[in-house]
>>> print(open('work_21.txt').read())   # compact mmCIF, C-alpha atoms
# COMPACT_ATOMS: atom_id res chain seq x y z
CA MET A 22 -6.16 1.13 16.06
CA GLY A 23 -2.76 -0.40 15.31
CA THR A 24 0.04 0.93 13.15
CA SER A 25 2.63 -0.79 11.00
CA PHE A 26 5.97 0.40 9.64
CA VAL A 27 6.31 0.23 5.85
CA CYS A 28 9.78 -0.18 4.34
CA ILE A 29 11.25 -1.98 1.35
CA THR A 30 14.30 -3.57 2.93
CA ASP A 31 14.75 -6.58 5.19
CA ARG A 32 17.61 -5.09 7.19
CA GLN A 33 15.60 -4.98 10.45
CA ALA A 34 18.33 -2.85 12.01
CA GLY A 35 15.90 -0.06 12.82
CA ASP A 36 17.57 2.32 10.39
CA GLU A 37 15.72 1.37 7.22
CA PRO A 38 13.85 4.22 5.54
CA GLY A 39 10.08 4.06 5.66
CA PHE A 40 6.96 5.37 7.32
CA TRP A 41 4.24 4.40 9.77
CA MET A 42 0.64 3.84 8.67
CA PHE A 43 -2.58 3.01 10.44
CA ASP A 44 -3.35 -0.64 9.79
CA ALA A 45 -6.85 -0.05 8.43
CA VAL A 46 -5.53 2.31 5.74
CA LEU A 47 -2.62 -0.01 4.92
CA GLU A 48 -4.97 -2.99 4.60
CA LEU A 49 -7.31 -1.09 2.29
CA TRP A 50 -4.35 0.13 0.22
CA LEU A 51 -2.90 -3.39 -0.12
CA ARG A 52 -6.30 -4.85 -1.04
CA LEU A 53 -6.82 -2.28 -3.78
CA LEU A 54 -3.18 -2.46 -4.90
CA SER A 55 -3.36 -6.26 -5.26
CA LEU A 56 -6.27 -5.79 -7.68
CA HIS A 57 -4.13 -3.47 -9.82
CA LEU A 58 -1.16 -5.80 -10.25
CA PRO A 59 -0.56 -6.72 -13.89
CA GLU A 60 -2.09 -9.99 -15.00
CA PRO A 61 0.14 -12.76 -16.36
CA THR A 62 0.40 -12.70 -20.14
CA ASP A 63 1.11 -16.41 -20.66
CA ALA A 64 1.70 -19.65 -18.73
CA GLY A 65 4.40 -19.20 -16.10
CA ASP A 66 4.72 -15.45 -16.69
CA ASN A 67 4.69 -13.22 -13.62
CA VAL A 68 5.05 -15.99 -11.05
CA ALA A 69 6.40 -13.39 -8.64
CA THR A 70 3.40 -11.16 -9.38
CA ASN A 71 1.03 -13.95 -8.40
CA GLU A 72 2.97 -14.48 -5.16
CA ILE A 73 2.88 -10.75 -4.39
CA ARG A 74 -0.88 -10.70 -5.03
CA SER A 75 -1.43 -13.68 -2.73
CA ARG A 76 0.65 -12.13 0.04
CA TRP A 77 -1.06 -8.74 -0.25
CA LEU A 78 -4.52 -10.29 -0.23
CA LEU A 79 -3.67 -12.18 2.96
CA ALA A 80 -2.08 -9.10 4.57
CA SER A 81 -5.18 -7.07 3.79
CA ARG A 82 -7.69 -9.49 5.38
CA GLY A 83 -7.55 -7.73 8.73
CA TYR A 84 -5.80 -10.45 10.74
CA PHE A 85 -2.56 -8.67 11.63
CA GLN A 86 -3.36 -5.65 13.78
CA GLY A 87 -0.19 -3.82 14.78
CA CYS A 88 2.06 -5.68 12.36
CA VAL A 89 0.53 -5.89 8.88
CA PRO A 90 2.89 -8.00 6.73
CA HIS A 91 2.92 -5.58 3.78
CA GLU A 92 5.52 -7.75 2.00
CA MET A 93 7.24 -4.78 0.38
CA PRO A 94 10.73 -6.24 1.00
CA PHE A 95 9.67 -9.39 -0.87
CA ALA A 96 7.88 -7.49 -3.63
CA CYS A 97 10.79 -5.06 -4.13
CA SER A 98 13.62 -7.57 -3.82
CA SER A 99 14.37 -7.36 -7.55
CA ALA A 100 14.24 -4.75 -10.29
CA ASP A 101 11.36 -6.67 -11.91
CA GLY A 102 9.48 -6.74 -8.61
CA LYS A 103 9.87 -2.99 -8.16
CA LYS A 104 8.66 -2.50 -11.73
CA VAL A 105 5.54 -4.58 -11.04
CA VAL A 106 4.84 -2.71 -7.78
CA ARG A 107 5.26 0.64 -9.52
CA ALA A 108 2.90 -0.43 -12.32
CA ALA A 109 0.27 -1.41 -9.75
CA ILE A 110 0.64 1.90 -7.89
CA ASP A 111 0.43 3.88 -11.13
CA SER A 112 -2.68 1.95 -12.18
CA LEU A 113 -4.40 2.45 -8.82
CA LEU A 114 -3.51 6.16 -8.73
CA MET A 115 -4.90 6.58 -12.25
CA SER A 116 -8.17 5.03 -11.10
CA LEU A 117 -8.27 7.12 -7.93
CA ASN A 118 -7.69 10.27 -9.97
CA GLN A 119 -10.72 9.66 -12.19
CA SER A 120 -13.04 11.09 -9.55
CA ASP A 121 -13.06 13.13 -6.37
CA VAL A 122 -16.18 11.39 -5.06
CA PRO A 123 -15.38 9.63 -1.77
CA MET A 124 -15.41 5.84 -1.86
CA ASP A 125 -18.61 4.71 -0.18
CA CYS A 126 -18.41 2.35 2.79
CA GLU A 127 -21.01 -0.08 1.41
CA THR A 128 -18.79 -0.81 -1.59
CA LEU A 129 -15.61 -0.96 0.50
CA ASN A 130 -17.27 -3.53 2.76
CA LEU A 131 -17.54 -5.86 -0.26
CA LEU A 132 -13.74 -6.14 -0.52
CA GLY A 133 -13.45 -8.95 2.03
CA ILE A 134 -11.50 -7.12 4.72
CA GLU A 135 -12.66 -8.95 7.82
CA ARG A 136 -11.50 -6.73 10.70
CA GLY A 137 -14.27 -4.27 11.29
CA MET A 138 -16.53 -2.70 8.77
CA PHE A 139 -16.19 0.64 7.05
CA THR A 140 -18.78 3.01 8.47
CA THR A 141 -17.82 6.23 6.72
CA PRO A 142 -16.77 7.01 3.17
CA ILE A 143 -13.02 7.17 2.43
CA ASP A 144 -11.69 10.31 0.79
CA ARG A 145 -9.71 9.37 -2.31
CA GLN A 146 -7.02 11.89 -1.37
CA VAL A 147 -6.13 9.69 1.62
CA LEU A 148 -5.30 6.85 -0.76
CA ARG A 149 -3.56 9.16 -3.24
CA ASP A 150 -1.28 10.31 -0.41
CA VAL A 151 -0.48 6.67 0.37
CA GLY A 152 0.33 6.02 -3.28
CA TYR A 153 2.67 9.00 -3.50
CA ALA A 154 4.42 7.93 -0.29
CA PHE A 155 4.90 4.41 -1.69
CA LEU A 156 6.35 5.88 -4.91
CA ASP A 157 8.69 8.13 -2.92
CA LEU A 158 9.78 5.11 -0.88
CA LEU A 159 10.54 3.17 -4.08
CA ASP A 160 12.48 6.16 -5.41
CA GLY A 161 14.60 6.47 -2.26
CA LYS A 162 13.13 9.86 -1.40
CA ILE A 163 12.01 8.90 2.11
CA HIS A 164 14.76 8.98 4.69
CA ASP A 165 12.79 8.74 7.95
CA THR A 166 13.15 5.59 10.02
CA ALA A 167 10.84 3.85 12.47
CA ALA A 168 11.91 6.40 15.10
CA ALA A 169 10.01 9.17 13.28
CA THR A 170 6.28 9.68 12.86
CA ASN A 171 6.21 12.94 10.92
CA VAL A 172 5.39 11.01 7.71
CA MET A 173 2.19 8.99 8.16
CA PRO A 174 0.43 8.76 4.81
CA GLY A 175 -3.27 8.18 5.13
CA SER A 176 -3.53 10.06 8.40
CA LEU A 177 -1.39 13.18 7.88
CA PRO A 178 -1.46 15.11 4.60
CA TYR A 179 1.49 13.86 2.60
CA GLN A 180 3.96 16.28 1.05
CA ARG A 181 5.83 14.71 -1.86
CA SER A 182 9.56 14.48 -1.34
CA THR A 183 11.86 16.40 -3.60
CA GLY A 184 15.00 14.38 -3.08
>>> encode(input="work_21.txt", output="structure tokens")
Amino acid sequence: MGTSFVCITDRQAGDEPGFWMFDAVLELWLRLLSLHLPEPTDAGDNVATNEIRSRWLLASRGYFQGCVPHEMPFACSSADGKKVVRAAIDSLLMSLNQSDVPMDCETLNLLGIERGMFTTPIDRQVLRDVGYAFLDLLDGKIHDTAAATNVMPGSLPYQRSTG
């Protein structure tokens, strides 16, 4: 099972803030998140949103084990992009919070993620933790770099940052 480092900058100096995630959880998160992006309201509106959606759908197919191209630097390269990403996260978290029933593997296998099949239900809290970590990353509350593994949303319980 591969892991990928999630950050929102393109510095690639090794000191950018972020966190590691298991690829399978990241792919599921990106697939669901892409479905919660706002829809365009008129012709030409949200061109960047459509590009983010396309990139996240590709990244979540299961092709990139060990280096999932989460495209957060692209998606968060502008204030409008960050706003769209935050809206998608808020929408997905709202949906996840509507129930505590685990997400069944038969339904998850319909999402078109090609690498492997889900064989066990996914606890919604796992995805909530991922969402809160993404929000904390957007808010500049995560300071760990790729050298640290103490924050791994989706595999370790996530404690929200306070600053």
>>> closest_atom_pairs(input="work_21.txt", of="range 66-177 of chain A", to="range 45-58 of chain A", cutoff="7 Å", atoms="all atoms listed in the file", output="Markdown table")
| residue | atom | partner | partner_atom | distance |
| --- | --- | --- | --- | --- |
| A:Arg74 | CA | A:Ser55 | CA | 5.1 |
| A:Trp77 | CA | A:Leu51 | CA | 5.7 |
| A:Leu78 | CA | A:Arg52 | CA | 5.8 |
| A:Ala80 | CA | A:Glu48 | CA | 6.8 |
| A:Ser81 | CA | A:Glu48 | CA | 4.2 |
| A:Gly83 | CA | A:Glu48 | CA | 6.8 |
| A:Val105 | CA | A:Leu58 | CA | 6.9 |
| A:Ala109 | CA | A:Leu58 | CA | 4.6 |
| A:Ile110 | CA | A:Leu54 | CA | 6.5 |
| A:Ser112 | CA | A:His57 | CA | 6.1 |
| A:Leu113 | CA | A:His57 | CA | 6.0 |
| A:Leu148 | CA | A:Trp50 | CA | 6.9 |
| A:Gly175 | CA | A:Val46 | CA | 6.3 |
>>> closest_residue(input="work_21.txt", among="A:Met138, A:Asn171, A:Met42, A:Asp36", to="Gly87 in chain A", atoms="all atoms listed in the file")
A:Met42
>>> residues_near_point(input="work_21.txt", point="(-19.1, 1.5, 5.4)", cutoff="10 Å", atoms="only C-alpha atoms", output="PyMOL selection string")
chain A and resi 124-131+137-143
>>> axis_aligned_box(input="work_21.txt", around="range 153-169 of chain A", padding_each_side="8 Å", output="lines of an AutoDock Vina configuration file")
center_x = 8.7
center_y = 6.5
center_z = 4.8
size_x = 28.1
size_y = 22.7
size_z = 36.5
>>> atom_distance(input="work_21.txt", atom1="CA of Ser25 in chain A", atom2="CA of Glu92 in chain A")
11.7 Å
>>> atom_distance(input="work_21.txt", atom1="CA of Val172 in chain A", atom2="CA of Ser99 in chain A")
25.5 Å
>>> residues_around(input="work_21.txt", residues="Leu117 in chain A", least_positions_apart="3", cutoff="7 Å", atoms="all atoms listed in the file", output="PyMOL selection string")
chain A and resi 113-114+120+145+149
>>> atom_distance(input="work_21.txt", atom1="CA of Thr166 in chain A", atom2="CA of Trp41 in chain A")
9.0 Å
>>> residues_near_point(input="work_21.txt", point="(4.6, -7.1, -8.5)", cutoff="9 Å", atoms="all atoms listed in the file", output="number ranges by chain")
A: 55, 58-59, 67, 69-74, 96-97, 101-109
>>> residues_around(input="work_21.txt", residues="Gln180 in chain A", least_positions_apart="6", cutoff="12 Å", atoms="only C-alpha atoms", output="JSON, numbers by chain")
{"A": [149, 150, 151, 152, 153, 154, 157, 162, 163, 171, 172, 173, 174]}
>>> closest_residue(input="work_21.txt", among="A:Gly161, A:Asp121, A:Thr170, A:Leu79", to="Thr24 in chain A", atoms="all atoms listed in the file")
A:Thr170
>>> decode(input="work_21.txt", residues="range 43-57 of chain A", atoms="all heavy atoms", output="mmCIF file, in the first residue's frame")
data_model
loop_
_atom_site.group_PDB
_atom_site.id
_atom_site.type_symbol
_atom_site.label_atom_id
_atom_site.label_comp_id
_atom_site.auth_asym_id
_atom_site.auth_seq_id
_atom_site.Cartn_x
_atom_site.Cartn_y
_atom_site.Cartn_z
ATOM 1 N N PHE A 43 -2.388 7.304 3.044
ATOM 2 C CA PHE A 43 -2.391 6.098 2.238
ATOM 3 C C PHE A 43 -3.130 6.396 0.937
ATOM 4 O O PHE A 43 -4.158 7.068 0.924
ATOM 5 C CB PHE A 43 -3.052 4.926 2.974
ATOM 6 C CG PHE A 43 -2.157 4.327 4.017
ATOM 7 C CD1 PHE A 43 -2.470 4.421 5.357
ATOM 8 C CD2 PHE A 43 -0.992 3.663 3.650
ATOM 9 C CE1 PHE A 43 -1.639 3.877 6.320
ATOM 10 C CE2 PHE A 43 -0.150 3.108 4.601
ATOM 11 C CZ PHE A 43 -0.474 3.220 5.940
ATOM 12 N N ASP A 44 -2.588 5.900 -0.150
ATOM 13 C CA ASP A 44 -3.125 6.202 -1.476
ATOM 14 C C ASP A 44 -4.591 5.822 -1.620
ATOM 15 O O ASP A 44 -5.373 6.568 -2.209
ATOM 16 C CB ASP A 44 -2.305 5.502 -2.562
ATOM 17 C CG ASP A 44 -0.912 6.086 -2.691
ATOM 18 O OD1 ASP A 44 -0.680 7.223 -2.226
ATOM 19 O OD2 ASP A 44 -0.050 5.400 -3.259
ATOM 20 N N ALA A 45 -4.985 4.674 -1.103
ATOM 21 C CA ALA A 45 -6.374 4.229 -1.267
ATOM 22 C C ALA A 45 -7.343 5.218 -0.628
ATOM 23 O O ALA A 45 -8.406 5.513 -1.188
ATOM 24 C CB ALA A 45 -6.566 2.830 -0.679
ATOM 25 N N VAL A 46 -6.989 5.741 0.532
ATOM 26 C CA VAL A 46 -7.855 6.716 1.213
ATOM 27 C C VAL A 46 -7.850 8.034 0.443
ATOM 28 O O VAL A 46 -8.898 8.656 0.250
ATOM 29 C CB VAL A 46 -7.412 6.922 2.676
ATOM 30 C CG1 VAL A 46 -8.247 8.000 3.355
ATOM 31 C CG2 VAL A 46 -7.498 5.616 3.454
ATOM 32 N N LEU A 47 -6.674 8.458 -0.013
ATOM 33 C CA LEU A 47 -6.576 9.700 -0.788
ATOM 34 C C LEU A 47 -7.379 9.597 -2.080
ATOM 35 O O LEU A 47 -8.098 10.534 -2.450
ATOM 36 C CB LEU A 47 -5.110 10.023 -1.087
ATOM 37 C CG LEU A 47 -4.827 11.287 -1.911
ATOM 38 C CD1 LEU A 47 -5.451 12.529 -1.293
ATOM 39 C CD2 LEU A 47 -3.324 11.459 -2.093
ATOM 40 N N GLU A 48 -7.290 8.473 -2.756
ATOM 41 C CA GLU A 48 -8.049 8.293 -4.005
ATOM 42 C C GLU A 48 -9.548 8.341 -3.753
ATOM 43 O O GLU A 48 -10.290 9.002 -4.497
ATOM 44 C CB GLU A 48 -7.654 6.969 -4.665
ATOM 45 C CG GLU A 48 -6.263 6.993 -5.233
ATOM 46 C CD GLU A 48 -5.693 5.621 -5.523
ATOM 47 O OE1 GLU A 48 -6.294 4.595 -5.130
ATOM 48 O OE2 GLU A 48 -4.624 5.563 -6.146
ATOM 49 N N LEU A 49 -10.004 7.675 -2.705
ATOM 50 C CA LEU A 49 -11.434 7.715 -2.379
ATOM 51 C C LEU A 49 -11.845 9.141 -2.027
ATOM 52 O O LEU A 49 -12.874 9.627 -2.504
ATOM 53 C CB LEU A 49 -11.745 6.763 -1.226
ATOM 54 C CG LEU A 49 -13.189 6.788 -0.725
ATOM 55 C CD1 LEU A 49 -14.177 6.449 -1.840
ATOM 56 C CD2 LEU A 49 -13.349 5.834 0.470
ATOM 57 N N TRP A 50 -11.043 9.835 -1.222
ATOM 58 C CA TRP A 50 -11.348 11.210 -0.852
ATOM 59 C C TRP A 50 -11.461 12.097 -2.086
ATOM 60 O O TRP A 50 -12.412 12.861 -2.242
ATOM 61 C CB TRP A 50 -10.293 11.739 0.119
ATOM 62 C CG TRP A 50 -10.468 13.199 0.414
ATOM 63 C CD1 TRP A 50 -9.732 14.225 -0.074
ATOM 64 C CD2 TRP A 50 -11.477 13.787 1.236
ATOM 65 N NE1 TRP A 50 -10.209 15.423 0.403
ATOM 66 C CE2 TRP A 50 -11.282 15.187 1.204
ATOM 67 C CE3 TRP A 50 -12.526 13.268 1.996
ATOM 68 C CZ2 TRP A 50 -12.089 16.064 1.907
ATOM 69 C CZ3 TRP A 50 -13.338 14.153 2.687
ATOM 70 C CH2 TRP A 50 -13.125 15.531 2.645
ATOM 71 N N LEU A 51 -10.473 12.010 -2.987
ATOM 72 C CA LEU A 51 -10.492 12.848 -4.191
ATOM 73 C C LEU A 51 -11.675 12.526 -5.084
ATOM 74 O O LEU A 51 -12.268 13.423 -5.693
ATOM 75 C CB LEU A 51 -9.184 12.694 -4.972
ATOM 76 C CG LEU A 51 -7.935 13.264 -4.304
ATOM 77 C CD1 LEU A 51 -6.702 12.919 -5.125
ATOM 78 C CD2 LEU A 51 -8.057 14.759 -4.087
ATOM 79 N N ARG A 52 -12.032 11.243 -5.188
ATOM 80 C CA ARG A 52 -13.187 10.859 -6.012
ATOM 81 C C ARG A 52 -14.450 11.485 -5.443
ATOM 82 O O ARG A 52 -15.232 12.111 -6.175
ATOM 83 C CB ARG A 52 -13.280 9.327 -6.066
ATOM 84 C CG ARG A 52 -14.423 8.741 -6.879
ATOM 85 C CD ARG A 52 -14.456 9.156 -8.327
ATOM 86 N NE ARG A 52 -13.232 8.937 -9.049
ATOM 87 C CZ ARG A 52 -13.114 8.260 -10.174
ATOM 88 N NH1 ARG A 52 -14.174 7.679 -10.700
ATOM 89 N NH2 ARG A 52 -11.962 8.181 -10.798
ATOM 90 N N LEU A 53 -14.660 11.338 -4.153
ATOM 91 C CA LEU A 53 -15.852 11.916 -3.532
ATOM 92 C C LEU A 53 -15.812 13.445 -3.566
ATOM 93 O O LEU A 53 -16.830 14.086 -3.839
ATOM 94 C CB LEU A 53 -15.991 11.416 -2.088
ATOM 95 C CG LEU A 53 -16.266 9.920 -1.935
ATOM 96 C CD1 LEU A 53 -16.185 9.517 -0.467
ATOM 97 C CD2 LEU A 53 -17.605 9.533 -2.538
ATOM 98 N N LEU A 54 -14.641 14.018 -3.314
ATOM 99 C CA LEU A 54 -14.506 15.473 -3.321
ATOM 100 C C LEU A 54 -14.810 16.056 -4.697
ATOM 101 O O LEU A 54 -15.466 17.097 -4.809
ATOM 102 C CB LEU A 54 -13.096 15.861 -2.872
ATOM 103 C CG LEU A 54 -12.864 17.304 -2.461
ATOM 104 C CD1 LEU A 54 -13.777 17.715 -1.309
ATOM 105 C CD2 LEU A 54 -11.406 17.500 -2.080
ATOM 106 N N SER A 55 -14.377 15.376 -5.753
ATOM 107 C CA SER A 55 -14.642 15.870 -7.115
ATOM 108 C C SER A 55 -16.138 15.934 -7.392
ATOM 109 O O SER A 55 -16.595 16.794 -8.149
ATOM 110 C CB SER A 55 -13.932 14.998 -8.157
ATOM 111 O OG SER A 55 -14.504 13.722 -8.212
ATOM 112 N N LEU A 56 -16.902 15.044 -6.775
ATOM 113 C CA LEU A 56 -18.351 15.026 -6.971
ATOM 114 C C LEU A 56 -19.058 16.125 -6.173
ATOM 115 O O LEU A 56 -20.246 16.380 -6.393
ATOM 116 C CB LEU A 56 -18.916 13.656 -6.591
ATOM 117 C CG LEU A 56 -18.359 12.482 -7.394
ATOM 118 C CD1 LEU A 56 -18.859 11.160 -6.839
ATOM 119 C CD2 LEU A 56 -18.684 12.625 -8.871
ATOM 120 N N HIS A 57 -18.328 16.766 -5.262
ATOM 121 C CA HIS A 57 -18.902 17.831 -4.445
ATOM 122 C C HIS A 57 -18.431 19.222 -4.859
ATOM 123 O O HIS A 57 -18.771 20.207 -4.201
ATOM 124 C CB HIS A 57 -18.602 17.572 -2.964
ATOM 125 C CG HIS A 57 -19.495 16.522 -2.390
ATOM 126 N ND1 HIS A 57 -20.657 16.810 -1.727
ATOM 127 C CD2 HIS A 57 -19.404 15.172 -2.437
ATOM 128 C CE1 HIS A 57 -21.249 15.685 -1.367
ATOM 129 N NE2 HIS A 57 -20.501 14.675 -1.781
#
